[in-house]
$ cat query.txt   # compact mmCIF, C-alpha atoms
# COMPACT_ATOMS: atom_id res chain seq x y z
CA MET A 1 0.00 0.00 0.00
CA ASP A 2 1.37 3.41 -0.98
CA ARG A 3 1.93 5.79 1.91
CA ALA A 4 0.11 9.10 1.84
CA LYS A 5 2.28 12.10 1.02
CA SER A 6 0.35 14.38 3.35
CA THR A 7 -0.98 14.20 6.89
CA LEU A 8 -4.31 15.13 8.44
CA GLU A 9 -2.54 17.70 10.59
CA GLN A 10 -1.22 19.48 7.50
CA TRP A 11 -4.72 19.68 6.04
CA ARG A 12 -6.14 20.92 9.33
CA ILE A 13 -3.53 23.65 9.41
CA LEU A 14 -4.34 24.67 5.85
CA GLN A 15 -8.02 24.82 6.73
CA ALA A 16 -7.28 26.99 9.76
CA VAL A 17 -5.15 29.41 7.72
CA VAL A 18 -7.99 29.85 5.25
CA ASP A 19 -10.79 29.93 7.83
CA TYR A 20 -9.12 32.45 10.11
CA GLY A 21 -7.81 34.65 7.32
CA GLY A 22 -4.04 34.17 7.54
CA TYR A 23 -1.08 32.56 9.26
CA SER A 24 -0.91 34.88 12.26
CA GLN A 25 -4.63 34.56 13.05
CA ALA A 26 -4.51 30.76 12.65
CA ALA A 27 -1.39 30.53 14.82
CA GLU A 28 -3.18 32.40 17.60
CA LYS A 29 -6.28 30.19 17.38
CA LEU A 30 -4.28 26.94 17.25
CA ASN A 31 -1.79 28.09 19.90
CA LYS A 32 1.10 27.39 17.56
CA SER A 33 3.91 29.52 16.20
CA GLN A 34 3.36 31.25 12.88
CA SER A 35 6.59 29.78 11.55
CA SER A 36 5.42 26.22 12.27
CA LEU A 37 2.24 26.85 10.29
CA ASN A 38 4.21 28.38 7.40
CA HIS A 39 6.50 25.36 7.40
CA ALA A 40 3.58 22.87 7.49
CA VAL A 41 1.79 24.46 4.51
CA ALA A 42 5.01 24.89 2.54
CA LYS A 43 5.89 21.24 3.10
CA LEU A 44 2.37 20.17 2.07
CA GLN A 45 2.65 22.12 -1.19
CA SER A 46 6.09 20.63 -1.82
CA GLN A 47 4.90 17.08 -1.16
CA LEU A 48 1.91 17.47 -3.45
CA GLY A 49 3.74 19.44 -6.12
CA VAL A 50 0.82 21.90 -6.21
CA GLN A 51 0.59 25.48 -4.97
CA LEU A 52 -2.34 25.78 -2.61
CA LEU A 53 -1.95 29.30 -1.26
CA GLU A 54 -0.59 32.55 -2.50
CA VAL A 55 0.11 35.45 -0.18
CA LYS A 56 -0.96 38.94 -1.18
CA GLY A 57 0.08 41.52 1.36
CA ARG A 58 -0.57 39.98 4.75
CA LYS A 59 -3.40 37.72 3.62
CA ALA A 60 -3.20 34.22 2.18
CA TYR A 61 -5.53 33.31 -0.70
CA LEU A 62 -6.39 29.94 -2.13
CA THR A 63 -5.38 29.10 -5.66
CA GLU A 64 -7.86 27.33 -7.93
CA CYS A 65 -6.19 24.00 -7.16
CA GLY A 66 -6.16 24.90 -3.50
CA GLU A 67 -9.93 25.48 -3.49
CA VAL A 68 -10.61 22.04 -4.96
CA LEU A 69 -8.25 20.20 -2.64
CA LEU A 70 -9.32 22.13 0.45
CA ARG A 71 -12.96 21.28 -0.23
CA ARG A 72 -12.14 17.58 -0.48
CA SER A 73 -9.92 17.73 2.59
CA ARG A 74 -12.81 19.00 4.71
CA HIS A 75 -14.77 15.81 3.98
CA ILE A 76 -11.78 13.71 5.04
CA THR A 77 -11.08 15.57 8.29
CA GLN A 78 -14.80 15.58 9.13
CA SER A 79 -14.93 11.81 8.63
CA VAL A 80 -11.92 11.35 10.89
CA ASN A 81 -13.50 13.59 13.54
CA GLU A 82 -16.67 11.51 13.40
CA LEU A 83 -14.65 8.29 13.58
CA GLU A 84 -12.78 9.50 16.65
CA ALA A 85 -16.04 10.67 18.26
CA LEU A 86 -17.58 7.27 17.55
CA ALA A 87 -14.63 5.54 19.24
CA THR A 88 -15.11 7.74 22.30
CA ASN A 89 -18.84 7.03 22.32
CA LEU A 90 -18.27 3.28 22.10
CA GLU A 91 -15.77 3.43 24.94
CA THR A 92 -18.30 5.20 27.17
CA GLY A 93 -21.14 2.86 26.14
CA TRP A 94 -22.96 5.45 24.02
CA GLU A 95 -24.88 3.60 21.31
CA PRO A 96 -23.90 4.40 17.69
CA THR A 97 -27.38 3.35 16.52
CA LEU A 98 -30.90 3.22 17.96
CA THR A 99 -33.90 1.42 16.51
CA ILE A 100 -37.43 2.43 17.49
CA ALA A 101 -40.59 0.44 16.83
CA ARG A 102 -43.53 2.83 16.44
CA GLU A 103 -47.09 1.55 16.41
CA ILE A 104 -48.45 3.52 13.46
CA ILE A 105 -51.29 5.02 15.48
CA TYR A 106 -48.77 6.86 17.67
CA PRO A 107 -48.72 10.49 16.45
CA MET A 108 -45.49 10.99 14.55
CA GLU A 109 -45.21 14.61 15.68
CA HIS A 110 -44.69 13.47 19.28
CA LEU A 111 -41.78 11.26 18.26
CA VAL A 112 -40.27 13.95 16.03
CA ASP A 113 -40.48 16.48 18.87
CA ALA A 114 -38.58 14.10 21.16
CA LEU A 115 -36.01 13.33 18.46
CA SER A 116 -35.46 17.04 17.75
CA GLU A 117 -34.48 17.49 21.40
CA PHE A 118 -32.36 14.35 21.22
CA LEU A 119 -30.44 15.45 18.11
CA PRO A 120 -28.13 18.10 19.66
CA GLN A 121 -27.13 15.60 22.36
CA SER A 122 -27.05 12.51 20.16
CA ARG A 123 -23.29 12.45 19.39
CA GLY A 124 -24.09 11.30 15.89
CA THR A 125 -26.24 8.33 16.90
CA ARG A 126 -28.13 7.03 13.88
CA VAL A 127 -31.84 6.46 14.46
CA THR A 128 -34.06 4.00 12.59
CA ILE A 129 -37.85 4.12 13.01
CA ILE A 130 -39.83 0.99 12.16
CA ASP A 131 -43.57 1.46 11.66
CA SER A 132 -45.39 -1.55 13.06
CA VAL A 133 -48.97 -2.70 13.59
CA LEU A 134 -50.61 -4.74 16.36
CA THR A 135 -48.71 -7.99 17.02
CA GLY A 136 -45.94 -6.80 14.71
CA THR A 137 -44.87 -4.42 17.49
CA THR A 138 -45.15 -7.19 20.08
CA GLU A 139 -43.03 -9.44 17.90
CA LEU A 140 -40.25 -6.86 17.65
CA ILE A 141 -40.27 -6.44 21.44
CA GLU A 142 -40.14 -10.19 22.08
CA GLN A 143 -37.27 -10.59 19.62
CA GLN A 144 -35.47 -7.66 21.30
CA SER A 145 -34.65 -6.40 17.82
CA VAL A 146 -35.41 -2.77 18.77
CA ASP A 147 -34.09 -0.50 21.51
CA LEU A 148 -37.37 1.26 22.27
CA ALA A 149 -40.93 0.39 21.31
CA ILE A 150 -44.19 2.31 21.40
CA CYS A 151 -46.90 -0.32 21.38
CA GLY A 152 -50.65 -0.53 21.64
CA GLY A 153 -52.48 -2.83 24.03
CA ALA A 154 -50.83 -4.96 26.67
CA ALA A 155 -47.06 -5.34 26.71
CA PRO A 156 -45.61 -8.80 26.05
CA LYS A 157 -45.30 -11.08 29.06
CA GLY A 158 -42.37 -10.11 31.27
CA GLN A 159 -42.17 -6.55 29.91
CA LEU A 160 -42.98 -3.34 31.75
CA ALA A 161 -44.90 -0.68 29.84
CA GLU A 162 -45.19 3.04 30.59
CA PRO A 163 -48.55 4.38 29.35
CA LEU A 164 -48.07 7.47 27.17
CA VAL A 165 -51.30 8.47 25.47
CA ASP A 166 -54.80 7.26 24.61
CA ILE A 167 -55.81 7.29 20.95
CA ASP A 168 -59.49 7.52 20.01
CA PHE A 169 -60.72 5.66 16.94
CA ILE A 170 -63.91 6.61 15.16
CA LEU A 171 -65.86 4.77 12.52
CA VAL A 172 -65.92 6.57 9.16
CA CYS A 173 -66.96 6.20 5.54
CA HIS A 174 -67.73 8.44 2.56
CA PRO A 175 -70.80 10.71 3.00
CA GLU A 176 -72.49 8.97 0.06
CA HIS A 177 -71.85 5.45 1.36
CA PRO A 178 -75.05 3.49 2.24
CA LEU A 179 -73.93 3.28 5.89
CA ALA A 180 -73.86 7.09 6.09
CA LYS A 181 -77.57 7.21 5.24
CA MET A 182 -78.61 5.04 8.20
CA GLY A 183 -78.29 7.52 11.05
CA ILE A 184 -77.53 5.38 14.08
CA ILE A 185 -76.35 1.88 13.13
CA GLU A 186 -78.14 -0.51 15.45
CA ASP A 187 -75.60 -3.34 15.64
CA GLU A 188 -72.33 -4.66 14.29
CA GLN A 189 -74.14 -7.18 12.12
CA THR A 190 -75.18 -4.28 9.92
CA LEU A 191 -71.53 -3.33 9.52
CA ALA A 192 -70.65 -6.91 8.68
CA GLN A 193 -72.73 -6.66 5.51
CA HIS A 194 -70.35 -4.05 4.06
CA LEU A 195 -66.72 -3.94 2.98
CA GLN A 196 -64.30 -3.14 5.80
CA ILE A 197 -60.89 -1.53 5.22
CA VAL A 198 -58.33 -2.90 7.67
CA ILE A 199 -54.66 -2.25 8.38
CA LYS A 200 -52.26 -5.12 7.91
CA ASP A 201 -50.70 -6.59 11.04
CA THR A 202 -46.93 -6.46 10.47
CA ALA A 203 -46.12 -9.62 12.45
CA LEU A 204 -44.83 -12.67 10.62
CA VAL A 205 -47.50 -14.65 12.48
CA PRO A 206 -50.36 -12.20 13.17
CA ASN A 207 -52.80 -12.69 16.01
CA THR A 208 -56.14 -12.69 14.21
CA ASP A 209 -58.03 -12.24 17.49
CA LEU A 210 -56.82 -8.65 17.76
CA GLY A 211 -58.37 -5.65 16.04
CA TRP A 212 -61.99 -4.83 15.27
CA LEU A 213 -62.77 -7.13 12.40
CA LYS A 214 -66.51 -7.50 11.87
CA ALA A 215 -66.91 -7.84 8.11
CA GLU A 216 -66.23 -11.00 6.16
CA GLN A 217 -65.44 -8.86 3.11
CA ARG A 218 -62.22 -6.93 3.75
CA TRP A 219 -59.55 -5.03 1.94
CA THR A 220 -56.21 -4.93 3.77
CA VAL A 221 -53.76 -2.06 3.34
CA SER A 222 -50.47 -1.03 4.96
CA ASN A 223 -51.45 2.23 6.65
CA PHE A 224 -54.28 4.64 7.40
CA HIS A 225 -53.37 7.03 4.58
CA GLU A 226 -54.01 4.26 2.06
CA ALA A 227 -57.23 3.39 3.87
CA MET A 228 -58.49 6.98 3.67
CA THR A 229 -57.68 7.13 -0.03
CA ILE A 230 -60.03 4.17 -0.54
CA LEU A 231 -62.71 5.63 1.75
CA ARG A 232 -62.68 8.95 -0.13
CA LYS A 233 -63.63 6.98 -3.27
CA GLY A 234 -66.83 5.90 -1.55
CA ILE A 235 -65.63 2.37 -0.86
CA GLY A 236 -65.96 0.63 2.51
CA PHE A 237 -65.77 1.73 6.14
CA CYS A 238 -62.88 1.81 8.59
CA TRP A 239 -61.92 2.57 12.19
CA ILE A 240 -59.46 5.50 11.92
CA PRO A 241 -57.56 7.41 14.65
CA GLN A 242 -59.51 10.62 15.20
CA ASN A 243 -56.38 12.78 15.13
CA LEU A 244 -55.81 11.78 11.47
CA LEU A 245 -59.26 12.85 10.32
CA THR A 246 -59.45 16.59 11.03
CA ASP A 247 -59.24 17.76 7.42
CA GLU A 248 -61.33 14.96 5.95
CA LEU A 249 -64.22 15.60 8.37
CA GLU A 250 -64.09 19.38 8.03
CA LEU A 251 -64.05 19.16 4.23
CA HIS A 252 -66.85 16.53 4.29
CA GLN A 253 -64.66 14.08 2.40
CA LEU A 254 -65.49 11.50 5.08
CA THR A 255 -68.24 11.30 7.66
CA ARG A 256 -68.44 9.79 11.10
CA LEU A 257 -70.75 6.81 11.61
CA GLN A 258 -72.79 6.40 14.77
CA LEU A 259 -72.72 2.83 16.03
CA LYS A 260 -75.14 2.20 18.88
CA GLY A 261 -73.26 1.60 22.12
CA ALA A 262 -69.82 2.18 20.57
CA SER A 263 -69.43 5.66 19.09
CA LYS A 264 -65.67 5.42 19.52
CA ARG A 265 -63.00 2.99 20.57
CA GLN A 266 -59.77 3.66 22.37
CA ALA A 267 -56.25 2.26 22.41
CA THR A 268 -53.60 3.03 25.01
CA LEU A 269 -50.09 3.44 23.67
CA SER A 270 -47.19 2.59 25.96
CA LEU A 271 -43.41 2.83 25.90
CA VAL A 272 -41.47 -0.41 26.34
CA ILE A 273 -37.72 -0.96 26.68
CA PRO A 274 -37.29 -4.55 25.43
CA ASN A 275 -33.95 -5.16 27.15
CA ARG A 276 -33.66 -2.86 30.15
CA ASP A 277 -30.49 -4.62 31.42
CA LYS A 278 -28.58 -3.68 28.27
CA GLN A 279 -30.04 -0.21 27.78
CA GLY A 280 -27.37 2.38 27.01
CA PRO A 281 -27.19 6.11 27.73
CA ALA A 282 -28.50 7.21 24.32
CA SER A 283 -31.58 5.02 24.71
CA GLN A 284 -32.08 6.29 28.26
CA LEU A 285 -31.94 9.89 27.07
CA LEU A 286 -34.45 9.30 24.27
CA GLU A 287 -36.74 7.41 26.65
CA THR A 288 -36.74 10.40 29.01
CA LEU A 289 -37.49 12.83 26.19
CA ILE A 290 -40.39 10.73 24.90
CA LYS A 291 -41.89 10.52 28.40
CA GLN A 292 -41.52 14.26 28.83
CA ARG A 293 -43.73 14.79 25.77
CA HIS A 294 -46.51 13.14 27.75
CA GLN A 295 -45.48 14.32 31.23
CA VAL A 296 -44.99 10.82 32.57
CA GLY A 297 -42.14 9.18 34.46
$ encode --input "query.txt" --output "structure tokens"
Amino acid sequence: MDRAKSTLEQWRILQAVVDYGGYSQAAEKLNKSQSSLNHAVAKLQSQLGVQLLEVKGRKAYLTECGEVLLRRSRHITQSVNELEALATNLETGWEPTLTIAREIIYPMEHLVDALSEFLPQSRGTRVTIIDSVLTGTTELIEQQSVDLAICGGAAPKGQLAEPLVDIDFILVCHPEHPLAKMGIIEDEQTLAQHLQIVIKDTALVPNTDLGWLKAEQRWTVSNFHEAMTILRKGIGFCWIPQNLLTDELELHQLTRLQLKGASKRQATLSLVIPNRDKQGPASQLLETLIKQRHQVG
């Protein structure tokens, strides 16, 4: 392997000379002598065989070649800085990555708010969010394949869950759908005569006992946005989180159905740490920030 002609320190010095406007200013900021900086840049130019700077008066200016090489050098030094920071984080137990399972009915804005507070303190931790549904979330918790999980319903056996928020579901369809003409729907058998739009459980082996499945005729989709697209075409009915329906109800694109004895249904969303014994400081910080959004813990 060929040895590099230049060093990271030489490139950092060049960057400082340019960023601070000259050798004397850079020397003061770096707490080095001006002559040592002059020598480092001169040696770098000699090693590369390219003039990077030219001095006019008391100020150093980049040449055209210098501009190109300096720009590329910043990517390299930034990568090294990140690598060194990662090494420090690993030494202190700070996780380089976090994976979050989010039950899709959990309002995304709450999670984004928590993550926006997490970001300045994250030390470059990469975050992956997995949208999950029903037993799909439970499955991820049981497999301990995520660091944090926001799940609906009861937590898996042996897991502690911190309740965060209740989500109300309401029954909706298009205003011109036959169900919308009925006023109060007397029983669920009436619903069962119509097409129901349901959201796919993301588990490899779904629990078919969960959910509110009353109709034999069903169309299954991946998320509520797809479901509402179908409903707006006048097809089917669906239980939808009320917080997702503000615009559709106000614009009369969808209408709320009145089911006798069950005008709405509710799901409690909770925060679960699948492996508390191995939880690291980054996960602990994000857990605290998520709880703060709901004033719990």
$ residues_around --input "query.txt" --residues "stretch 123-137 of chain A" --least-positions-apart "5" --cutoff "9 Å" --atoms "all atoms listed in the file" --output "ChimeraX atom specification"
/A:82,85-86,89,94-105,115,142,146,149-153,199-207,210-211,222-223,282
$ closest_residue --input "query.txt" --among "A:Leu244, A:Leu119, A:Ala60, A:Val198" --to "A:Ala227" --atoms "all atoms listed in the file"
A:Val198
$ residues_around --input "query.txt" --residues "A:Thr63" --least-positions-apart "2" --cutoff "6 Å" --atoms "only C-alpha atoms" --output "list in words"
Leu52, Leu53, Cys65 and Gly66 of chain A
$ residues_near_point --input "query.txt" --point "(6.5, 11.0, -1.8)" --cutoff "9 Å" --atoms "all atoms listed in the file" --output "PyMOL selection string"
chain A and resi 3-6+47-48
$ write_last_selection --input "query.txt" --atoms "C-alpha atoms" --output "PDB file, in the frame of the given file"
ATOM      1  CA  ARG A   3       1.930   5.790   1.910  1.00  0.00           C
ATOM      2  CA  ALA A   4       0.110   9.100   1.840  1.00  0.00           C
ATOM      3  CA  LYS A   5       2.280  12.100   1.020  1.00  0.00           C
ATOM      4  CA  SER A   6       0.350  14.380   3.350  1.00  0.00           C
ATOM      5  CA  GLN A  47       4.900  17.080  -1.160  1.00  0.00           C
ATOM      6  CA  LEU A  48       1.910  17.470  -3.450  1.00  0.00           C
TER       7      LEU A  48
END
$ atom_distance --input "query.txt" --atom1 "atom CA of A:Gly22" --atom2 "atom CA of A:Gln10"
15.0 Å
$ residues_near_point --input "query.txt" --point "(-4.6, 33.6, 10.5)" --cutoff "12 Å" --atoms "all atoms listed in the file" --output "JSON, numbers by chain"
{"A": [13, 14, 15, 16, 17, 18, 19, 20, 21, 22, 23, 24, 25, 26, 27, 28, 29, 30, 31, 32, 33, 34, 35, 37, 38, 55, 58, 59, 60, 61]}
$ closest_residue --input "query.txt" --among "A:Leu231, A:Ile170, A:Ile185, A:Leu111" --to "A:Gly261" --atoms "all atoms listed in the file"
A:Ile185
$ axis_aligned_box --input "query.txt" --around "stretch 66-81 of chain A" --padding-each-side "4 Å" --output "lines of an AutoDock Vina configuration file"
center_x = -10.5
center_y = 18.4
center_z = 4.3
size_x = 16.8
size_y = 22.1
size_z = 26.5
$ closest_residue --input "query.txt" --among "A:Thr268, A:Thr190, A:Gln253, A:Ser263" --to "A:Glu162" --atoms "all atoms listed in the file"
A:Thr268
$ build_atoms --input "query.txt" --residues "stretch 66-77 of chain A" --atoms "all heavy atoms" --output "CSV table (one decimal), in the coordinates of the input"
chain,number,residue,atom,x,y,z
A,66,GLY,N,-6.0,24.9,-4.9
A,66,GLY,CA,-6.2,24.9,-3.5
A,66,GLY,C,-7.6,24.8,-3.1
A,66,GLY,O,-8.0,24.1,-2.1
A,67,GLU,N,-8.5,25.5,-3.8
A,67,GLU,CA,-9.9,25.5,-3.5
A,67,GLU,C,-10.5,24.1,-3.6
A,67,GLU,O,-11.3,23.6,-2.8
A,67,GLU,CB,-10.7,26.4,-4.4
A,67,GLU,CG,-10.5,27.9,-4.1
A,67,GLU,CD,-11.3,28.8,-5.0
A,67,GLU,OE1,-12.0,28.3,-5.8
A,67,GLU,OE2,-11.2,30.0,-4.8
A,68,VAL,N,-10.1,23.4,-4.7
A,68,VAL,CA,-10.6,22.0,-5.0
A,68,VAL,C,-10.1,21.1,-3.9
A,68,VAL,O,-10.9,20.3,-3.3
A,68,VAL,CB,-10.2,21.5,-6.4
A,68,VAL,CG1,-10.6,20.1,-6.5
A,68,VAL,CG2,-10.8,22.4,-7.4
A,69,LEU,N,-8.8,21.1,-3.6
A,69,LEU,CA,-8.2,20.2,-2.6
A,69,LEU,C,-8.7,20.5,-1.2
A,69,LEU,O,-8.9,19.6,-0.4
A,69,LEU,CB,-6.7,20.2,-2.7
A,69,LEU,CG,-6.1,19.7,-4.0
A,69,LEU,CD1,-4.6,20.0,-4.1
A,69,LEU,CD2,-6.4,18.2,-4.2
A,70,LEU,N,-8.9,21.8,-0.9
A,70,LEU,CA,-9.3,22.1,0.4
A,70,LEU,C,-10.7,21.6,0.7
A,70,LEU,O,-11.1,21.1,1.7
A,70,LEU,CB,-9.3,23.6,0.6
A,70,LEU,CG,-9.8,24.1,2.0
A,70,LEU,CD1,-8.8,23.7,3.1
A,70,LEU,CD2,-10.0,25.6,2.0
A,71,ARG,N,-11.6,21.7,-0.4
A,71,ARG,CA,-13.0,21.3,-0.2
A,71,ARG,C,-13.0,19.8,0.0
A,71,ARG,O,-13.7,19.3,0.9
A,71,ARG,CB,-13.7,21.6,-1.5
A,71,ARG,CG,-15.2,21.3,-1.4
A,71,ARG,CD,-16.0,22.0,-2.5
A,71,ARG,NE,-15.5,21.7,-3.9
A,71,ARG,CZ,-14.9,22.6,-4.7
A,71,ARG,NH1,-14.6,23.8,-4.3
A,71,ARG,NH2,-14.5,22.2,-5.9
A,72,ARG,N,-12.2,19.0,-0.7
A,72,ARG,CA,-12.1,17.6,-0.5
A,72,ARG,C,-11.5,17.2,0.9
A,72,ARG,O,-12.0,16.3,1.5
A,72,ARG,CB,-11.3,16.9,-1.6
A,72,ARG,CG,-12.0,17.0,-3.0
A,72,ARG,CD,-13.3,16.2,-3.0
A,72,ARG,NE,-13.0,14.7,-2.8
A,72,ARG,CZ,-12.7,13.9,-3.8
A,72,ARG,NH1,-12.6,14.3,-5.0
A,72,ARG,NH2,-12.5,12.6,-3.5
A,73,SER,N,-10.6,18.0,1.3
A,73,SER,CA,-9.9,17.7,2.6
A,73,SER,C,-10.9,17.9,3.8
A,73,SER,O,-10.8,17.2,4.8
A,73,SER,CB,-8.7,18.6,2.8
A,73,SER,OG,-9.1,20.0,3.2
A,74,ARG,N,-11.8,18.8,3.6
A,74,ARG,CA,-12.8,19.0,4.7
A,74,ARG,C,-13.7,17.7,4.9
A,74,ARG,O,-14.0,17.4,6.1
A,74,ARG,CB,-13.7,20.2,4.4
A,74,ARG,CG,-13.0,21.5,4.5
A,74,ARG,CD,-14.0,22.7,4.4
A,74,ARG,NE,-13.3,24.0,4.2
A,74,ARG,CZ,-12.8,24.7,5.1
A,74,ARG,NH1,-12.7,24.2,6.4
A,74,ARG,NH2,-12.2,25.9,4.9
A,75,HIS,N,-14.0,17.1,3.8
A,75,HIS,CA,-14.8,15.8,4.0
A,75,HIS,C,-13.9,14.8,4.7
A,75,HIS,O,-14.5,14.0,5.6
A,75,HIS,CB,-15.2,15.3,2.6
A,75,HIS,CG,-16.1,16.1,1.8
A,75,HIS,ND1,-17.4,16.5,2.3
A,75,HIS,CD2,-16.0,16.8,0.6
A,75,HIS,CE1,-18.0,17.2,1.4
A,75,HIS,NE2,-17.2,17.4,0.4
A,76,ILE,N,-12.6,14.7,4.4
A,76,ILE,CA,-11.8,13.7,5.0
A,76,ILE,C,-11.6,14.0,6.5
A,76,ILE,O,-11.8,13.1,7.4
A,76,ILE,CB,-10.4,13.7,4.3
A,76,ILE,CG1,-10.6,13.2,2.9
A,76,ILE,CG2,-9.4,12.8,5.1
A,76,ILE,CD1,-9.4,13.3,2.0
A,77,THR,N,-11.3,15.2,6.9
A,77,THR,CA,-11.1,15.6,8.3
A,77,THR,C,-12.4,15.4,9.1
A,77,THR,O,-12.4,15.0,10.2
A,77,THR,CB,-10.5,17.0,8.5
A,77,THR,OG1,-11.4,17.9,7.8
A,77,THR,CG2,-9.1,17.1,7.9
